[in-house]
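The structure under discussion appears below in the form of structure tokens.
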Amino acid sequence: MTSALPHLVRRFFGVLRAAPLGPADQTEAAVLLREAESGLFWGQPRADQRHGLECARAVLAACPGRRDLARAALLHDVGKRHAGLGPVGRALATTLGFLHLPAPGRAAAYLAHTSSGAADLAAAGAEPLVVAYARHHHTGRPGSITPEDWAALCRADHA
Ligand SMILES: [Fe+2]
Ligand SMILES: [Fe+2]
């Protein structure tokens, strides 16, 4: 947990302070989305929309032209919308998860955002890379994602 702490603290304040996406941001996200994924992305709280877009930007800056990686970054946390938790609830859920303690209701949904998001994306017809990154981004690189692509995605998520 110690190594993840700075990231978690940054995310806590990021969720707290996130401004809604402006018109230019919305266009930037929209060009990366397929129609069936729109509800998944725009159904997220604004902090998660902004986080996804910032990750996509970081990936494109590191890997120009990699639309597939940018889409994986943009959509990786869509499962969090099932939990409907604010910053404090998220911090508590994350702490329970790190301590391997049982998580009730919405905290459990939050901790399961990788599998629920991957299932949502698969149902929407997203490509395997997008589904695989959503499913594995808190565990470890699956064989279907190259080490280089995985490193770019993880760097963007933890920037
Ligand atoms: Fe996540
Ligand atoms: Fe993330």
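Here, A, B, ... name the chains of the structure tokens in the order displayed, residue numbers run from 1 inside each chain, and ligands are numbered from 1 in the same displayed order.
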
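Neighbours of ligand 2 at a cut-off of 7 Å, computed so that only C-alpha atoms and all ligand atoms are counted, are the residues His51, Gly52, His76, Asp77 and Asp157 of chain A.
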
Skipping near chain neighbours, those fewer than 6 positions away, what residues fall within 7 Å of range 152-156 of chain A using only C-alpha atoms, listed as a ChimeraX atom specification?
/A:55,58-59,73

Can you list, as a compact mmCIF listing (two decimals) with N, CA and C atoms, in the first residue's frame, all residues belonging to chain A that DSSP tags as alpha helix (DSSP H)?
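Now in result.txt:
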```
# COMPACT_ATOMS: atom_id res chain seq x y z
N LEU A 5 0.34 4.81 -2.19
CA LEU A 5 -0.27 5.88 -1.41
C LEU A 5 -0.25 7.24 -2.12
N PRO A 6 0.89 7.67 -2.68
CA PRO A 6 0.87 8.97 -3.35
C PRO A 6 -0.17 9.02 -4.47
N HIS A 7 -0.28 7.93 -5.24
CA HIS A 7 -1.27 7.89 -6.31
C HIS A 7 -2.68 8.02 -5.74
N LEU A 8 -2.94 7.31 -4.65
CA LEU A 8 -4.28 7.33 -4.06
C LEU A 8 -4.61 8.72 -3.51
N VAL A 9 -3.63 9.36 -2.92
CA VAL A 9 -3.85 10.71 -2.38
C VAL A 9 -4.14 11.68 -3.53
N ARG A 10 -3.36 11.56 -4.62
CA ARG A 10 -3.60 12.43 -5.78
C ARG A 10 -5.00 12.20 -6.35
N ARG A 11 -5.39 10.93 -6.44
CA ARG A 11 -6.72 10.61 -6.99
C ARG A 11 -7.83 11.14 -6.08
N PHE A 12 -7.60 11.06 -4.76
CA PHE A 12 -8.61 11.55 -3.81
C PHE A 12 -8.89 13.03 -4.08
N PHE A 13 -7.83 13.84 -4.17
CA PHE A 13 -8.02 15.27 -4.40
C PHE A 13 -8.46 15.54 -5.84
N GLY A 14 -8.05 14.67 -6.74
CA GLY A 14 -8.50 14.81 -8.13
C GLY A 14 -10.00 14.64 -8.23
N VAL A 15 -10.54 13.66 -7.53
CA VAL A 15 -11.99 13.41 -7.53
C VAL A 15 -12.71 14.60 -6.89
N LEU A 16 -12.12 15.09 -5.81
CA LEU A 16 -12.73 16.19 -5.06
C LEU A 16 -12.82 17.46 -5.92
N ARG A 17 -11.77 17.72 -6.70
CA ARG A 17 -11.66 19.01 -7.37
C ARG A 17 -12.04 18.98 -8.85
N PRO A 23 -16.38 22.04 -23.55
CA PRO A 23 -16.75 21.62 -24.91
C PRO A 23 -15.58 21.03 -25.70
N ALA A 24 -14.39 21.64 -25.58
CA ALA A 24 -13.24 21.11 -26.34
C ALA A 24 -12.82 19.74 -25.81
N ASP A 25 -12.86 19.59 -24.48
CA ASP A 25 -12.54 18.29 -23.87
C ASP A 25 -13.54 17.23 -24.34
N GLN A 26 -14.81 17.63 -24.35
CA GLN A 26 -15.86 16.67 -24.74
C GLN A 26 -15.65 16.19 -26.18
N THR A 27 -15.26 17.11 -27.05
CA THR A 27 -15.02 16.72 -28.45
C THR A 27 -13.83 15.77 -28.52
N GLU A 28 -12.79 16.08 -27.74
CA GLU A 28 -11.58 15.25 -27.73
C GLU A 28 -11.92 13.82 -27.29
N ALA A 29 -12.76 13.70 -26.27
CA ALA A 29 -13.16 12.36 -25.82
C ALA A 29 -14.07 11.69 -26.85
N ALA A 30 -14.99 12.47 -27.39
CA ALA A 30 -16.01 11.90 -28.30
C ALA A 30 -15.37 11.27 -29.54
N SER A 38 -20.62 5.30 -25.72
CA SER A 38 -20.89 6.67 -25.25
C SER A 38 -21.53 6.67 -23.88
N GLY A 39 -22.54 5.84 -23.69
CA GLY A 39 -23.24 5.82 -22.40
C GLY A 39 -22.31 5.39 -21.26
N LEU A 40 -21.35 4.52 -21.57
CA LEU A 40 -20.41 4.07 -20.54
C LEU A 40 -19.51 5.24 -20.12
N PHE A 41 -19.02 5.98 -21.11
CA PHE A 41 -18.11 7.08 -20.77
C PHE A 41 -18.85 8.25 -20.12
N TRP A 42 -19.95 8.68 -20.76
CA TRP A 42 -20.64 9.88 -20.26
C TRP A 42 -21.49 9.57 -19.03
N ARG A 46 -17.94 13.11 -13.25
CA ARG A 46 -17.04 13.98 -14.02
C ARG A 46 -15.57 13.72 -13.71
N ALA A 47 -15.26 13.33 -12.47
CA ALA A 47 -13.86 13.07 -12.13
C ALA A 47 -13.32 11.89 -12.94
N ASP A 48 -14.15 10.89 -13.16
CA ASP A 48 -13.68 9.73 -13.93
C ASP A 48 -13.61 10.04 -15.42
N GLN A 49 -14.53 10.89 -15.90
CA GLN A 49 -14.43 11.34 -17.29
C GLN A 49 -13.10 12.08 -17.49
N ARG A 50 -12.80 12.96 -16.57
CA ARG A 50 -11.57 13.76 -16.70
C ARG A 50 -10.33 12.87 -16.57
N HIS A 51 -10.35 11.95 -15.62
CA HIS A 51 -9.22 11.03 -15.45
C HIS A 51 -9.00 10.21 -16.73
N GLY A 52 -10.07 9.69 -17.30
CA GLY A 52 -9.94 8.90 -18.53
C GLY A 52 -9.36 9.74 -19.66
N LEU A 53 -9.85 10.97 -19.80
CA LEU A 53 -9.36 11.83 -20.88
C LEU A 53 -7.88 12.18 -20.65
N GLU A 54 -7.51 12.47 -19.41
CA GLU A 54 -6.11 12.80 -19.13
C GLU A 54 -5.20 11.60 -19.41
N CYS A 55 -5.67 10.41 -19.09
CA CYS A 55 -4.90 9.20 -19.40
C CYS A 55 -4.74 9.03 -20.91
N ALA A 56 -5.83 9.26 -21.63
CA ALA A 56 -5.78 9.12 -23.10
C ALA A 56 -4.79 10.12 -23.70
N ARG A 57 -4.82 11.35 -23.19
CA ARG A 57 -3.87 12.37 -23.67
C ARG A 57 -2.43 11.95 -23.41
N ALA A 58 -2.18 11.44 -22.21
CA ALA A 58 -0.82 11.05 -21.85
C ALA A 58 -0.33 9.90 -22.74
N VAL A 59 -1.22 8.97 -23.02
CA VAL A 59 -0.85 7.84 -23.88
C VAL A 59 -0.55 8.32 -25.29
N LEU A 60 -1.38 9.23 -25.80
CA LEU A 60 -1.16 9.73 -27.16
C LEU A 60 0.12 10.56 -27.25
N ALA A 61 0.45 11.26 -26.14
CA ALA A 61 1.70 12.03 -26.15
C ALA A 61 2.90 11.09 -26.19
N ALA A 62 2.79 9.95 -25.50
CA ALA A 62 3.90 8.99 -25.46
C ALA A 62 3.92 8.11 -26.71
N ARG A 67 -4.41 5.05 -31.44
CA ARG A 67 -5.81 5.24 -31.07
C ARG A 67 -6.31 4.10 -30.17
N ASP A 68 -5.83 2.89 -30.43
CA ASP A 68 -6.27 1.75 -29.62
C ASP A 68 -5.84 1.92 -28.15
N LEU A 69 -4.60 2.36 -27.95
CA LEU A 69 -4.12 2.58 -26.58
C LEU A 69 -4.85 3.74 -25.92
N ALA A 70 -5.10 4.77 -26.71
CA ALA A 70 -5.82 5.93 -26.16
C ALA A 70 -7.23 5.52 -25.74
N ARG A 71 -7.86 4.69 -26.51
CA ARG A 71 -9.21 4.21 -26.16
C ARG A 71 -9.16 3.36 -24.88
N ALA A 72 -8.15 2.52 -24.77
CA ALA A 72 -8.01 1.70 -23.56
C ALA A 72 -7.84 2.59 -22.34
N ALA A 73 -7.04 3.65 -22.49
CA ALA A 73 -6.82 4.58 -21.38
C ALA A 73 -8.11 5.34 -21.05
N LEU A 74 -8.78 5.80 -22.08
CA LEU A 74 -10.00 6.61 -21.89
C LEU A 74 -11.07 5.84 -21.12
N LEU A 75 -11.16 4.55 -21.39
CA LEU A 75 -12.32 3.77 -20.92
C LEU A 75 -12.00 2.84 -19.75
N PRO A 87 -15.45 10.78 -3.10
CA PRO A 87 -14.05 10.57 -2.74
C PRO A 87 -13.83 9.82 -1.43
N VAL A 88 -14.65 10.11 -0.43
CA VAL A 88 -14.45 9.44 0.86
C VAL A 88 -14.81 7.96 0.75
N GLY A 89 -15.94 7.67 0.11
CA GLY A 89 -16.35 6.27 -0.07
C GLY A 89 -15.31 5.49 -0.88
N ARG A 90 -14.74 6.15 -1.88
CA ARG A 90 -13.71 5.49 -2.70
C ARG A 90 -12.47 5.19 -1.86
N ALA A 91 -12.08 6.16 -1.03
CA ALA A 91 -10.89 5.95 -0.19
C ALA A 91 -11.13 4.79 0.78
N LEU A 92 -12.33 4.76 1.36
CA LEU A 92 -12.64 3.67 2.30
C LEU A 92 -12.65 2.32 1.58
N ALA A 93 -13.29 2.28 0.41
CA ALA A 93 -13.35 1.03 -0.35
C ALA A 93 -11.94 0.56 -0.71
N THR A 94 -11.10 1.49 -1.16
CA THR A 94 -9.73 1.14 -1.55
C THR A 94 -8.96 0.60 -0.35
N THR A 95 -9.16 1.23 0.80
CA THR A 95 -8.47 0.77 2.01
C THR A 95 -8.92 -0.64 2.38
N LEU A 96 -10.23 -0.88 2.33
CA LEU A 96 -10.74 -2.23 2.62
C LEU A 96 -10.11 -3.24 1.66
N GLY A 97 -10.03 -2.85 0.40
CA GLY A 97 -9.46 -3.75 -0.60
C GLY A 97 -8.00 -4.08 -0.31
N PHE A 98 -7.23 -3.04 0.03
CA PHE A 98 -5.80 -3.26 0.33
C PHE A 98 -5.62 -4.15 1.56
N GLY A 105 -21.73 -3.68 -0.04
CA GLY A 105 -22.49 -3.01 -1.11
C GLY A 105 -21.71 -2.25 -2.15
N ARG A 106 -21.80 -0.91 -2.06
CA ARG A 106 -21.22 -0.08 -3.12
C ARG A 106 -19.69 -0.12 -3.09
N ALA A 107 -19.12 -0.40 -1.91
CA ALA A 107 -17.66 -0.54 -1.85
C ALA A 107 -17.23 -1.77 -2.65
N ALA A 108 -18.02 -2.83 -2.54
CA ALA A 108 -17.72 -4.05 -3.31
C ALA A 108 -17.84 -3.76 -4.81
N ALA A 109 -18.87 -2.99 -5.18
CA ALA A 109 -19.04 -2.64 -6.60
C ALA A 109 -17.85 -1.81 -7.09
N TYR A 110 -17.35 -0.93 -6.21
CA TYR A 110 -16.19 -0.10 -6.58
C TYR A 110 -14.97 -0.98 -6.80
N LEU A 111 -14.75 -1.91 -5.86
CA LEU A 111 -13.56 -2.78 -5.98
C LEU A 111 -13.66 -3.72 -7.18
N HIS A 113 -14.70 -2.79 -10.07
CA HIS A 113 -14.87 -1.98 -11.28
C HIS A 113 -14.07 -2.51 -12.46
N THR A 114 -13.04 -3.30 -12.19
CA THR A 114 -12.27 -3.84 -13.31
C THR A 114 -13.11 -4.88 -14.08
N SER A 115 -13.71 -5.81 -13.35
CA SER A 115 -14.49 -6.84 -14.04
C SER A 115 -15.79 -6.29 -14.60
N SER A 116 -16.46 -5.39 -13.85
CA SER A 116 -17.73 -4.86 -14.38
C SER A 116 -17.47 -3.97 -15.59
N GLY A 117 -16.40 -3.17 -15.53
CA GLY A 117 -16.08 -2.31 -16.67
C GLY A 117 -15.70 -3.14 -17.90
N ALA A 118 -14.91 -4.19 -17.69
CA ALA A 118 -14.53 -5.05 -18.81
C ALA A 118 -15.76 -5.71 -19.43
N ALA A 119 -16.69 -6.15 -18.58
CA ALA A 119 -17.91 -6.78 -19.09
C ALA A 119 -18.74 -5.76 -19.88
N ASP A 120 -18.84 -4.54 -19.36
CA ASP A 120 -19.59 -3.48 -20.07
C ASP A 120 -18.96 -3.22 -21.45
N LEU A 121 -17.63 -3.13 -21.46
CA LEU A 121 -16.94 -2.80 -22.71
C LEU A 121 -17.05 -3.94 -23.71
N ALA A 122 -16.95 -5.17 -23.22
CA ALA A 122 -17.11 -6.33 -24.12
C ALA A 122 -18.52 -6.33 -24.70
N ALA A 123 -19.51 -6.04 -23.85
CA ALA A 123 -20.90 -6.03 -24.34
C ALA A 123 -21.11 -4.92 -25.37
N PRO A 128 -10.40 -6.16 -28.09
CA PRO A 128 -9.81 -6.93 -26.98
C PRO A 128 -8.83 -6.14 -26.12
N LEU A 129 -8.02 -5.25 -26.70
CA LEU A 129 -7.06 -4.49 -25.89
C LEU A 129 -7.79 -3.61 -24.86
N VAL A 130 -8.86 -2.99 -25.30
CA VAL A 130 -9.63 -2.09 -24.42
C VAL A 130 -10.25 -2.90 -23.27
N VAL A 131 -10.81 -4.04 -23.61
CA VAL A 131 -11.43 -4.90 -22.60
C VAL A 131 -10.36 -5.45 -21.64
N ALA A 132 -9.25 -5.88 -22.19
CA ALA A 132 -8.20 -6.49 -21.37
C ALA A 132 -7.59 -5.47 -20.41
N TYR A 133 -7.37 -4.23 -20.86
CA TYR A 133 -6.79 -3.24 -19.95
C TYR A 133 -7.77 -2.90 -18.84
N ALA A 134 -9.05 -2.76 -19.16
CA ALA A 134 -10.05 -2.50 -18.12
C ALA A 134 -10.04 -3.63 -17.09
N ARG A 135 -9.94 -4.86 -17.55
CA ARG A 135 -9.99 -6.00 -16.63
C ARG A 135 -8.75 -6.14 -15.76
N HIS A 136 -7.59 -5.80 -16.30
CA HIS A 136 -6.34 -6.14 -15.61
C HIS A 136 -5.57 -4.96 -15.04
N PRO A 147 4.55 -5.68 -23.27
CA PRO A 147 5.14 -4.93 -22.16
C PRO A 147 5.22 -3.43 -22.44
N GLU A 148 5.51 -3.05 -23.69
CA GLU A 148 5.64 -1.63 -24.04
C GLU A 148 4.29 -0.91 -23.92
N ASP A 149 3.25 -1.56 -24.46
CA ASP A 149 1.91 -0.96 -24.39
C ASP A 149 1.44 -0.88 -22.93
N TRP A 150 1.70 -1.94 -22.19
CA TRP A 150 1.30 -1.97 -20.77
C TRP A 150 1.99 -0.84 -19.99
N ALA A 151 3.28 -0.66 -20.25
CA ALA A 151 4.02 0.38 -19.54
C ALA A 151 3.46 1.76 -19.87
N ALA A 152 3.13 1.99 -21.14
CA ALA A 152 2.58 3.30 -21.53
C ALA A 152 1.23 3.54 -20.85
N LEU A 153 0.41 2.52 -20.80
CA LEU A 153 -0.91 2.66 -20.18
C LEU A 153 -0.78 2.90 -18.67
N CYS A 154 0.09 2.14 -18.03
CA CYS A 154 0.24 2.29 -16.58
C CYS A 154 0.86 3.64 -16.21
N ARG A 155 1.82 4.10 -17.02
CA ARG A 155 2.41 5.41 -16.75
C ARG A 155 1.34 6.50 -16.83
N ALA A 156 0.47 6.39 -17.81
CA ALA A 156 -0.59 7.39 -17.98
C ALA A 156 -1.56 7.33 -16.80
N ASP A 157 -1.90 6.14 -16.35
CA ASP A 157 -2.88 5.99 -15.27
C ASP A 157 -2.30 6.51 -13.95
```

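For the atom pair formed by CA of Arg34 in chain A and CA of His158 in chain A, the distance is 25.1 Å, given to one decimal.
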
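The residue that comes closest to ligand 1, out of A:Pro104, A:Ala112, A:Leu99, A:Gly84 and on the basis of only C-alpha atoms and all ligand atoms, is A:Ala112.
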
Of the candidates A:Val31, A:Ala18, A:Val78, A:Ala36, which shows the shortest atom-to-atom distance to ligand 1, using only C-alpha atoms and all ligand atoms?
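Closest to ligand 1 of all the choices is A:Val78.
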